[in-house]
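In what follows, a single structure is set out as structure tokens and then discussed.
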Amino acid sequence: MHDTLRKLMVTAAPTMAFVAVAASDATAHFQMIYTPEVTLEEPSQLNFKLIFTHPFANGHTMDMGAPEAFFAIHKGKRIDLKDRLKPLNWKGAENEGKAYEAEIEIKRNGDYIFVLEPAPYYEESEDIYIQQITKSFLNKGGIPTGWNEPVGLITEIVPLNKPYNVYAGSTFSGVLLSDGKPVAGAEIEIEYIAAPPDMQANAFPPQSTVRPPASALVVITDANGTFTFGIPKAGFWGFAALDVGPDNEHDGKKMSQDAVIWVHATELR
């Protein structure tokens with residue numbers, strides 16, 4: 001899937017542009033930072049799973065190397081979490097892969113922006129490395145404190161909607177940055193966690209809860225680096241901007257440096 005998308009040449013498109021790219025595999029590599037609850041009222045001890053997989057179809061899980069960085073931003077302060085990481089084996093429908101988990105205590109009110117800078121992953125079928133710099137969000141107490149601010153990554157997606165407070169049937173918008181500047185005409189691939197992870201078993205359920213689309217879901221950033229996508233269903237949605245980071249080589253081979261963001265949608269009741 002990545003091979004098809006990375007070879008597609010894009011110049012510019014409206015913010016609301018939406019295309020489906022035909023491919024034999026409708027889902028792509030997606031780095032996850034997952035914990036089930038992203039809006040908290042009380043102090044909580046949370047378990048996070050870091051998995052590199054194909055969540056829409058419960059597909060092949062890739063082996064993660066030791067992450068280069070794992071941290072959270074809370075009220076402008078960086079909290080290093082790398083020493084909390086513990087390795088595990090994650091089970092999917094097709095195989096098991098090396099992943100990580102962390103126990104993290106959330107005490108104070110406000111936004112928490114979690115950032116993972118994974119080790120580059122070698123994709124043998126394409127003879128390239130992939131590094132997906134990933135963000136996820138959590139809020140405690142209903143008090144916003146910086147969810148819409150860049151955190152200074154070499155490439156990142158900055159949300160324009162509260163990423164933990166999106167409703168199914170509404171839209172999500174973001175701005176793609178590389179070296180702090182908006183990226184026009186970039187492909188944003190979209191994934192859905194169709195089978196909620198079993199946190200105790202370290203596994204996805206045997207089958208997805210929805211049938212994956214026959215082709216990839218993609219939006220294109222406009223001239224200002226902005227994109228918008230209609231959220232059709234509650235749950236966790238991931239957005240990955242492919243090959244947009246400034247570092248394009250690793251260990252003598254091509255590297256696709258991607259920006260990933262996860263958002264959570266709920267039903268309006």
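Please note that chains go A, B, ... in the order of the structure tokens, that every chain numbers its residues from 1, and that ligands are numbered from 1 in the order shown.
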With a distance cut-off of 12 Å and only C-alpha atoms, select the neighbouring residues of stretch 222-230 of chain A, excluding the residue or stretch itself and same-chain residues fewer than 5 positions from it, and output the selection as a short mmCIF file (atom, residue, chain, number, x, y, z; two decimals) with C-alpha atoms, in the first residue's frame.
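Result went into out36.cif, see below:
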```cif
data_model
loop_
_atom_site.label_atom_id
_atom_site.label_comp_id
_atom_site.auth_asym_id
_atom_site.auth_seq_id
_atom_site.Cartn_x
_atom_site.Cartn_y
_atom_site.Cartn_z
CA VAL A 10 0.22 15.24 -6.32
CA THR A 11 0.45 18.97 -6.97
CA ALA A 12 -2.43 20.73 -5.20
CA ALA A 13 -6.06 20.14 -4.34
CA PRO A 14 -8.88 21.78 -2.36
CA THR A 15 -9.08 21.23 1.37
CA MET A 16 -12.07 18.92 1.04
CA ALA A 17 -10.58 16.81 -1.74
CA PHE A 18 -11.05 13.09 -1.13
CA VAL A 19 -9.75 10.26 -3.29
CA GLU A 156 3.74 16.89 12.53
CA ILE A 157 0.01 17.35 12.02
CA VAL A 158 -1.46 20.15 14.14
CA PRO A 159 -5.18 19.61 14.85
CA LEU A 160 -7.77 22.30 14.19
CA ASN A 161 -10.45 20.41 16.14
CA VAL A 166 -14.74 14.92 17.78
CA TYR A 167 -18.24 13.68 17.03
CA ALA A 168 -19.14 11.02 14.49
CA GLY A 169 -20.82 12.75 11.56
CA SER A 170 -18.75 15.92 11.99
CA THR A 171 -15.35 16.69 10.46
CA PHE A 172 -11.74 16.73 11.55
CA SER A 173 -9.22 19.24 10.17
CA GLY A 174 -5.48 19.57 10.59
CA VAL A 175 -2.45 21.41 9.27
CA LEU A 176 0.58 19.46 8.08
CA LEU A 177 3.98 20.92 8.95
CA SER A 178 7.49 19.94 7.92
CA GLY A 180 7.65 24.14 10.92
CA LYS A 181 6.25 25.11 7.52
CA PRO A 182 2.91 24.08 5.94
CA VAL A 183 3.10 21.37 3.28
CA ALA A 184 0.83 21.79 0.25
CA GLY A 185 -0.37 18.93 -1.96
CA ALA A 186 0.56 16.18 0.48
CA GLU A 187 -1.28 12.87 0.75
CA ILE A 188 -2.89 12.11 4.08
CA GLU A 189 -3.78 8.45 4.41
CA ILE A 190 -6.59 7.54 6.81
CA GLU A 191 -7.02 4.46 8.99
CA LEU A 217 -8.80 6.49 2.07
CA TRP A 237 -9.08 7.51 13.47
CA GLY A 238 -5.47 7.89 12.31
CA PHE A 239 -4.09 10.30 9.72
CA ALA A 240 -0.63 9.77 8.18
CA ALA A 241 1.15 12.22 5.88
CA VAL A 244 6.92 14.63 4.22
CA VAL A 263 -8.07 11.40 17.05
CA ALA A 265 -14.67 10.37 17.76
#
```
*Can you work out which one of A:Met32, A:Val260, A:Met255, A:Ala201 has the shortest atom-to-atom distance to A:Asn89, counting only C-alpha atoms?*
A:Ala201
*Which residue out of A:Phe71, A:Tyr121, A:Trp90, A:Phe48 has the minimum interatomic distance to A:Asp251 when only C-alpha atoms are used?*
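Of A:Phe71, A:Tyr121, A:Trp90, A:Phe48, the one nearest A:Asp251 is A:Tyr121, counting only C-alpha atoms.
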_strand (DSSP E or B) positions in stretch 98-129 of chain A, given as a VMD selection string_ = chain A and resid 98 to 106 110 to 117 121 to 123 128 to 129
Only C-alpha atoms, please: the residues just picked out, written as a CSV table (one decimal), in the first residue's frame.
```csv
chain,number,residue,atom,x,y,z
A,98,LYS,CA,7.4,-6.7,18.7
A,99,ALA,CA,5.7,-3.7,20.3
A,100,TYR,CA,6.0,-1.6,23.5
A,101,GLU,CA,3.8,-0.6,26.4
A,102,ALA,CA,4.0,2.0,29.2
A,103,GLU,CA,2.2,2.7,32.5
A,104,ILE,CA,1.6,6.4,32.9
A,105,GLU,CA,-0.1,8.3,35.7
A,106,ILE,CA,-2.2,11.2,34.8
A,110,GLY,CA,-5.3,19.9,31.0
A,111,ASP,CA,-4.1,18.5,27.6
A,112,TYR,CA,-1.5,15.8,27.2
A,113,ILE,CA,0.1,15.5,23.8
A,114,PHE,CA,1.9,12.1,23.5
A,115,VAL,CA,4.7,11.9,21.0
A,116,LEU,CA,6.5,8.8,19.7
A,117,GLU,CA,9.6,9.0,17.5
A,121,TYR,CA,11.6,0.4,10.2
A,122,TYR,CA,13.0,-1.4,7.1
A,123,GLU,CA,10.3,-2.4,4.7
A,128,ILE,CA,13.1,1.6,2.1
A,129,TYR,CA,12.9,2.7,5.7
```
*asked:* Just want the 7 Å neighbourhood of A:Ala203, counted on only C-alpha atoms, with same-chain residues fewer than 2 positions away dropped. Output as an MDAnalysis selection string.
replied: chainID A and resid 90:92 197:198 201 205
